[in-house]
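Engineer: So that we are looking at the same thing, I have put the structure below in structure tokens.
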Amino acid sequence: MAMIFTSPSKYVQGAHVLTEISQYAAPLGHKFFVILSTSGEKRVGHIIRDSFASAGKEVVFAIFNQE
């Protein structure tokens, strides 16, 4: 049986980088699906939402309940 691991071609890390997330995601499309925990949505949801809104992109959030 094959074991396959696929990773993103780009990894971005740094202070306040979520404010720029839409510019890194823009080449991937126009509508984005983001999975967050409840606490993550409270902490950074508005930052992600604002970044995509300023770029004219649509973002949809789903809460991950650790199922």
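Ligands are numbered from 1 in the order shown, chains are lettered A, B, ... in the order of the structure tokens, and residues start at 1 in each chain.
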Could you name the residues that touch Phe61 in chain A at 10 Å or less, counting only C-alpha atoms, but leaving out those on the same chain fewer than 4 positions away, as a ChimeraX atom specification?

Structural biologist: /A:32-37,41,45,48-49

Engineer: Would you kindly return, as a list of chain:residue names, each protein, DNA or RNA residue with an atom no farther than 10 Å from any atom of Val12 in chain A, considering only C-alpha atoms and excluding same-chain residues fewer than 4 positions away?

Structural biologist: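 Near Val12 in chain A, the qualifying residues are A:Val17, A:Leu18, A:Ile21, A:Tyr24.
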
Engineer: Write out as a list of chain:residue names all residues of chain A that backbone DSSP assigns to alpha helix (DSSP H).

Structural biologist: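 For chain A, the alpha helix (DSSP H) set is A:Ile21, A:Ser22, A:Gln23, A:Tyr24, A:Ala25, A:Thr38, A:Ser39, A:Gly40, A:Glu41, A:Lys42, A:Arg43, A:Val44, A:Gly45, A:His46, A:Ile47, A:Ile48, A:Arg49, A:Asp50, A:Ser51, A:Phe52, A:Ala53, A:Ser54.
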
Engineer: Would you pick out the contacts of Pro8 in chain A at 12 Å or less, using only C-alpha atoms, so that residues sharing its chain but fewer than 2 positions from it are not included, and give the list as a PyMOL selection string?

Structural biologist: chain A and resi 5-6+10-12+24-25+28

Engineer: Smallest atom-to-atom distance to Phe52 in chain A: which of A:Ser9, A:Lys31, A:Met1, A:Ser22, using only C-alpha atoms?

Structural biologist: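 Ranking A:Ser9, A:Lys31, A:Met1, A:Ser22 by distance to Phe52 in chain A, first place goes to A:Ser22.
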
Engineer: Name the residues of range 4-67 of chain A that come out as strand (DSSP E or B) in a backbone DSSP run; write them as a PyMOL selection string.

Structural biologist: chain A and resi 31-36+58-63
